[in-house]
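Structure first, then comments.
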Amino acid sequence: MKIKNICCIGAGYVGGPTMAVIAQKCPEINVTVVDINEKRIAAWNDKDVENIPIYEPGLSKVVDEARGRNLFFSADVDKAIDQAEMIFISVNTPTKAYGMGKGMAADLKFIELCARQIARVSTSDKIVIEKSTLPVRTAEALKNILENTGNGVNYQILSNPEFLAEGTAVEDLMDPDRVLIGGDIDTEKGKEAVEALVNVYAHWVPKERILTTNVWSSELSKLTANAFLAQRVSSINAMSELCEKTGADVNEVAKAVGMDSRIGSKFLKSSVGFGGSCFQKDILNLVYIAKSFGLNEVADYWEQVIIMNDHQKRRFAANIVRTLFNTVAGKKIGFLGWAFKKDTNDTRESAAIYVADYLLNEQAEIVVYDPKVKEEQINADLDYLNTRSEKENRQRIKAVNDPYQVSKEAHAVAILTEWDEFKELDRKRIYDEMLKPAFLFDGRNILHQSSQKAIGFKTYIIGENCDLL
Ligand code: NAI
């Protein structure tokens, strides 16, 4: 089957970059990315390609090359669905905030809406692809809706989870470790659909890196991959606390452990805690699924990864309060970074939000600098927690455009995101302009204790033995 038109529902952090790369690599396929958020679509269509709504190194160049040629962004969802032979569903699947499974299960209402819309609009056969991360066996529900409410056309459902990491999305899409495609490989039609998607990726991904499995393995592999990645972060973070007590240095431990080829060196960097829209929600989803099968030990095992992460964020914030003579009330605390990691403007579940919330409860005054995050987003992140009034959030936290305004007359500066530019800041200037003692809290392990000491800072670096504790 030759694919001429692809539609992607959801123009977010996954839909946007993924489709931009498919369009760039497959110039003979028309790719239309649709979204109900018209403002987001308008930003994707902004004349100045630097204004696209998602910041990823290299993305604007890819969009610039393909946009208007065979890459389109549109709010006309029905039209794009009807025209496509292949439809990716790439909408958000947040943790449920109400009802059964509240705080754990994935909220599938956006997925179901998509399925119903596809069923209503389609007048020709479609291959429907789960690109969003979904609980195992969701394809069954999709099939049920499509076949029972549709216009009698045929549907093949594939699972094609996305493994890109924000901050390196374009690189990951161009050169993926593997592409995973789950389909109904026991039937001819199922095989054909899998083959059609394999052929799209084969434009640039070597065939041996395109893995095909049954649908359930594919769905569950994505949750498993995120659980394993997050588990490594929580494992090294658990060790960071022990390092601080024993005089071991977590960087040295990580290096020594990571050189064991059975373990490997990636994802062993200790920090204030992982963030991002995926790890927490996907593990909670996994925990919920395990519990629903009565697998309580399996559920408890994975839940501990989240408990450890929450502990790491809380103890970082508590350290700041304890070190600042047990009170931060009315004190200016400077934050370097708000995004959940460097090279992205995504702030979802960022550790900075929770550290700020803790300190605001202690009545601190916070000033933030992040090269890609605006004040509007910071306010929205805090308002979402509902801890205090919107008015109070706006009174107590401010964003600035200059990193040195963060440290000026501050009692403490905390590094919350590992942006490269923070390593280049003039630390002597920062020290001189701060109140004394000048406390520096490195939540991303980008500084070295000894060089800060030489300047005069009193420094806490995660996982290093220090005199502040
Ligand atoms: P996002 O929130 O950035 O984008 C989702 C978009 O879908 C939004 O713009 C929303 O307006 C749109 N949408 C929702 N319902 C719609 C509907 N019925 N019709 C049209 N548009 C609709 O989410 P993101 O980060 O792109 O994630 C999407 C999925 O991909 C999630 O399931 C996530 O778990 C998964 N994923 C995310 C990764 C990441 O790094 N962000 C990596 C791998 C997977």
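Ligands are numbered from 1 in the order shown, residues from 1 within each chain, and chains are lettered A, B, ... in the order they appear in the structure tokens.
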
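The set of residues in region 165-321 of chain A assigned to strand (DSSP E or B) by DSSP, using only backbone atoms of this structure, is Val179, Leu180, Ile181, Gly182, Ile210, Leu211, Thr212 and Thr213 of chain A.
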
- request: Would you mind listing what lies within 12 Å of Ser159 (chain A) as a PyMOL selection string, with only C-alpha atoms counted and same-chain residues fewer than 5 positions away left out?
  value: chain A and resi 87-90+127-140+142+179-185+190+193-194+197+211-222

Go ahead and write the selection's residues with C-alpha atoms as an mmCIF file, in the first residue's frame.
```
data_model
loop_
_atom_site.group_PDB
_atom_site.id
_atom_site.type_symbol
_atom_site.label_atom_id
_atom_site.label_comp_id
_atom_site.auth_asym_id
_atom_site.auth_seq_id
_atom_site.Cartn_x
_atom_site.Cartn_y
_atom_site.Cartn_z
ATOM 1 C CA ILE A 87 -3.566 8.787 10.867
ATOM 2 C CA PHE A 88 -1.252 9.216 13.837
ATOM 3 C CA ILE A 89 -2.881 9.973 17.174
ATOM 4 C CA SER A 90 -0.440 12.064 19.167
ATOM 5 C CA ILE A 127 -4.444 2.881 9.230
ATOM 6 C CA VAL A 128 -4.741 4.415 12.709
ATOM 7 C CA ILE A 129 -1.517 4.666 14.668
ATOM 8 C CA GLU A 130 -1.149 5.112 18.403
ATOM 9 C CA LYS A 131 1.762 7.504 18.757
ATOM 10 C CA SER A 132 0.694 8.714 22.211
ATOM 11 C CA THR A 133 1.880 6.606 25.150
ATOM 12 C CA LEU A 134 -1.044 4.418 26.167
ATOM 13 C CA PRO A 135 -1.897 1.723 28.672
ATOM 14 C CA VAL A 136 -1.421 -1.778 27.360
ATOM 15 C CA ARG A 137 -4.551 -3.009 25.487
ATOM 16 C CA THR A 138 -5.803 0.458 24.508
ATOM 17 C CA ALA A 139 -5.792 -0.616 20.852
ATOM 18 C CA GLU A 140 -8.624 -2.966 21.729
ATOM 19 C CA LEU A 142 -9.887 1.991 19.834
ATOM 20 C CA VAL A 179 11.582 2.291 15.776
ATOM 21 C CA LEU A 180 8.925 0.062 17.308
ATOM 22 C CA ILE A 181 5.805 -0.926 15.398
ATOM 23 C CA GLY A 182 3.164 -3.167 16.914
ATOM 24 C CA GLY A 183 0.413 -4.589 14.716
ATOM 25 C CA ASP A 184 -1.914 -7.451 14.075
ATOM 26 C CA ILE A 185 0.768 -9.526 12.362
ATOM 27 C CA GLY A 190 -2.497 -6.326 9.652
ATOM 28 C CA ALA A 193 -0.511 -2.003 7.547
ATOM 29 C CA VAL A 194 2.704 -2.729 9.445
ATOM 30 C CA LEU A 197 4.465 2.144 8.247
ATOM 31 C CA LEU A 211 11.302 -3.642 15.133
ATOM 32 C CA THR A 212 7.872 -5.195 14.615
ATOM 33 C CA THR A 213 5.937 -6.889 17.424
ATOM 34 C CA ASN A 214 2.394 -7.650 18.439
ATOM 35 C CA VAL A 215 0.373 -4.616 19.563
ATOM 36 C CA TRP A 216 0.427 -5.403 23.278
ATOM 37 C CA SER A 217 4.219 -5.811 23.434
ATOM 38 C CA SER A 218 4.625 -2.494 21.672
ATOM 39 C CA GLU A 219 2.259 -0.652 24.016
ATOM 40 C CA LEU A 220 3.857 -2.164 27.112
ATOM 41 C CA SER A 221 7.436 -1.602 25.878
ATOM 42 C CA LYS A 222 6.997 2.164 25.952
#
```

query: Mind pulling up the distance from CA of Lys191 (chain A) to CA of Ile157 (chain A)?
result: 11.0 Å

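Of the residues listed (A:Leu447, A:Ile9, A:Ala141, A:Leu359), A:Leu359 shows the shortest atom-to-atom separation from Val321 (chain A); distances use only C-alpha atoms.
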
List all protein, DNA and RNA residues that have any atom at most 7 Å from ligand 1, counting only C-alpha atoms and all ligand atoms, and write the list as an mmCIF file with C-alpha atoms, in the first residue's frame.
```
data_model
loop_
_atom_site.group_PDB
_atom_site.id
_atom_site.type_symbol
_atom_site.label_atom_id
_atom_site.label_comp_id
_atom_site.auth_asym_id
_atom_site.auth_seq_id
_atom_site.Cartn_x
_atom_site.Cartn_y
_atom_site.Cartn_z
ATOM 1 C CA ILE A 9 -3.802 14.606 15.441
ATOM 2 C CA GLY A 10 -1.953 16.637 18.101
ATOM 3 C CA ALA A 11 0.628 19.308 17.265
ATOM 4 C CA GLY A 12 2.555 19.048 20.529
ATOM 5 C CA TYR A 13 6.074 18.094 21.606
ATOM 6 C CA VAL A 14 5.727 14.740 19.863
ATOM 7 C CA GLY A 15 3.378 15.382 16.929
ATOM 8 C CA VAL A 34 -3.878 19.149 13.128
ATOM 9 C CA ASP A 35 -4.845 20.403 16.549
ATOM 10 C CA ILE A 36 -7.925 21.825 18.256
ATOM 11 C CA ASN A 37 -5.686 24.460 19.815
ATOM 12 C CA ARG A 40 -0.767 26.506 18.683
ATOM 13 C CA VAL A 77 -9.211 18.270 11.763
ATOM 14 C CA SER A 90 -0.440 12.064 19.167
ATOM 15 C CA VAL A 91 -2.650 13.780 21.724
ATOM 16 C CA ASN A 92 -1.885 14.200 25.394
ATOM 17 C CA THR A 93 -2.602 11.366 27.836
ATOM 18 C CA PHE A 110 -8.660 12.770 24.415
ATOM 19 C CA ILE A 111 -7.847 9.463 22.722
ATOM 20 C CA LEU A 113 -12.571 11.717 21.260
ATOM 21 C CA CYS A 114 -10.070 11.227 18.444
ATOM 22 C CA LYS A 131 1.762 7.504 18.757
ATOM 23 C CA SER A 132 0.694 8.714 22.211
ATOM 24 C CA THR A 133 1.880 6.606 25.150
ATOM 25 C CA LEU A 134 -1.044 4.418 26.167
ATOM 26 C CA PRO A 161 5.359 4.603 20.523
ATOM 27 C CA GLU A 162 7.749 7.511 20.392
ATOM 28 C CA PHE A 163 11.083 7.262 22.198
ATOM 29 C CA LEU A 164 12.416 10.765 21.479
ATOM 30 C CA ALA A 165 13.780 12.767 24.385
ATOM 31 C CA GLU A 166 12.919 16.445 24.595
ATOM 32 C CA SER A 277 5.437 15.156 31.202
ATOM 33 C CA CYS A 278 6.168 11.459 30.805
#
```

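For the pair CA of Tyr431 (chain A) and CA of Lys453 (chain A), the separation is 10.8 Å.
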
DSSP alpha helix (DSSP H) selection over region 259-356 of chain A, as a ChimeraX atom specification: /A:279-292,296-323,351-356

Please build the interface table for region 91-120 of chain A against region 282-292 of chain A with a cut-off of 12 Å, listing for each qualifying residue the nearest atom pair and the distance in Å to one decimal; count only C-alpha atoms, order rows by chain and increasing number, and write it as JSON lines.
```
{"residue": "A:Asn92", "atom": "CA", "partner": "A:Asp282", "partner_atom": "CA", "distance": 12.0}
{"residue": "A:Thr93", "atom": "CA", "partner": "A:Asp282", "partner_atom": "CA", "distance": 9.3}
{"residue": "A:Pro94", "atom": "CA", "partner": "A:Asp282", "partner_atom": "CA", "distance": 8.9}
{"residue": "A:Thr95", "atom": "CA", "partner": "A:Asn285", "partner_atom": "CA", "distance": 7.5}
{"residue": "A:Lys96", "atom": "CA", "partner": "A:Asn285", "partner_atom": "CA", "distance": 9.5}
{"residue": "A:Met100", "atom": "CA", "partner": "A:Tyr288", "partner_atom": "CA", "distance": 10.6}
{"residue": "A:Gly101", "atom": "CA", "partner": "A:Tyr288", "partner_atom": "CA", "distance": 7.3}
{"residue": "A:Lys102", "atom": "CA", "partner": "A:Tyr288", "partner_atom": "CA", "distance": 9.9}
{"residue": "A:Gly103", "atom": "CA", "partner": "A:Leu284", "partner_atom": "CA", "distance": 7.8}
{"residue": "A:Met104", "atom": "CA", "partner": "A:Leu284", "partner_atom": "CA", "distance": 4.8}
{"residue": "A:Ala105", "atom": "CA", "partner": "A:Asn285", "partner_atom": "CA", "distance": 4.8}
{"residue": "A:Ala106", "atom": "CA", "partner": "A:Asn285", "partner_atom": "CA", "distance": 5.7}
{"residue": "A:Asp107", "atom": "CA", "partner": "A:Asn285", "partner_atom": "CA", "distance": 9.5}
{"residue": "A:Leu108", "atom": "CA", "partner": "A:Asn285", "partner_atom": "CA", "distance": 11.3}
```

Keeping only N, CA and C atoms, write the selected residues as a PDB file, in the first residue's frame.
```pdb
ATOM      1  N   ASN A  92      -2.380  14.371  24.029  1.00  0.00           N
ATOM      2  CA  ASN A  92      -1.885  14.200  25.394  1.00  0.00           C
ATOM      3  C   ASN A  92      -2.672  13.117  26.138  1.00  0.00           C
ATOM      4  N   THR A  93      -1.971  12.432  27.047  1.00  0.00           N
ATOM      5  CA  THR A  93      -2.602  11.366  27.836  1.00  0.00           C
ATOM      6  C   THR A  93      -2.211  11.579  29.302  1.00  0.00           C
ATOM      7  N   PRO A  94      -2.695  12.662  29.896  1.00  0.00           N
ATOM      8  CA  PRO A  94      -2.233  12.992  31.257  1.00  0.00           C
ATOM      9  C   PRO A  94      -2.763  12.019  32.309  1.00  0.00           C
ATOM     10  N   THR A  95      -2.250  12.146  33.515  1.00  0.00           N
ATOM     11  CA  THR A  95      -2.786  11.349  34.622  1.00  0.00           C
ATOM     12  C   THR A  95      -4.192  11.835  34.930  1.00  0.00           C
ATOM     13  N   LYS A  96      -5.083  10.899  35.188  1.00  0.00           N
ATOM     14  CA  LYS A  96      -6.481  11.256  35.472  1.00  0.00           C
ATOM     15  C   LYS A  96      -6.581  12.099  36.741  1.00  0.00           C
ATOM     16  N   MET A 100     -12.461   7.352  39.032  1.00  0.00           N
ATOM     17  CA  MET A 100     -11.768   6.079  39.210  1.00  0.00           C
ATOM     18  C   MET A 100     -10.339   6.182  38.662  1.00  0.00           C
ATOM     19  N   GLY A 101      -9.370   5.772  39.466  1.00  0.00           N
ATOM     20  CA  GLY A 101      -7.980   5.831  39.017  1.00  0.00           C
ATOM     21  C   GLY A 101      -7.375   7.217  39.126  1.00  0.00           C
ATOM     22  N   LYS A 102      -8.072   8.133  39.811  1.00  0.00           N
ATOM     23  CA  LYS A 102      -7.582   9.509  39.978  1.00  0.00           C
ATOM     24  C   LYS A 102      -6.135   9.518  40.492  1.00  0.00           C
ATOM     25  N   GLY A 103      -5.299  10.343  39.887  1.00  0.00           N
ATOM     26  CA  GLY A 103      -3.910  10.461  40.340  1.00  0.00           C
ATOM     27  C   GLY A 103      -3.012   9.317  39.888  1.00  0.00           C
ATOM     28  N   MET A 104      -3.519   8.391  39.106  1.00  0.00           N
ATOM     29  CA  MET A 104      -2.693   7.249  38.673  1.00  0.00           C
ATOM     30  C   MET A 104      -2.933   6.824  37.232  1.00  0.00           C
ATOM     31  N   ALA A 105      -4.193   6.496  36.926  1.00  0.00           N
ATOM     32  CA  ALA A 105      -4.503   5.974  35.592  1.00  0.00           C
ATOM     33  C   ALA A 105      -4.294   7.066  34.539  1.00  0.00           C
ATOM     34  N   ALA A 106      -4.078   6.648  33.297  1.00  0.00           N
ATOM     35  CA  ALA A 106      -3.979   7.621  32.208  1.00  0.00           C
ATOM     36  C   ALA A 106      -5.395   8.058  31.834  1.00  0.00           C
ATOM     37  N   ASP A 107      -5.536   9.359  31.587  1.00  0.00           N
ATOM     38  CA  ASP A 107      -6.836   9.885  31.166  1.00  0.00           C
ATOM     39  C   ASP A 107      -6.941   9.705  29.649  1.00  0.00           C
ATOM     40  N   LEU A 108      -7.841   8.834  29.240  1.00  0.00           N
ATOM     41  CA  LEU A 108      -7.913   8.491  27.814  1.00  0.00           C
ATOM     42  C   LEU A 108      -9.031   9.235  27.088  1.00  0.00           C
TER      43      LEU A 108
END
```

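Our summary of the geometry notes that CA of Pro53 (chain A) is positioned 21.6 Å from CA of Glu418 (chain A).
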
query: So, counting only C-alpha atoms, which residue among A:Gly337, A:Asp383, A:Phe325, A:Ser389 is closest to Pro437 (chain A)?
result: A:Phe325

task: Go through A:Gln156, A:Thr168, A:Ala42, A:Lys47 and flag the residue nearest Pro17 (chain A), using only C-alpha atoms for the distances.
output: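 Result for the nearest residue to Pro17 (chain A): A:Thr168.
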
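Using only C-alpha atoms, the smallest distance between any of A:Lys189, A:Lys109, A:His203, A:His411 and Phe335 (chain A) comes from A:His411.
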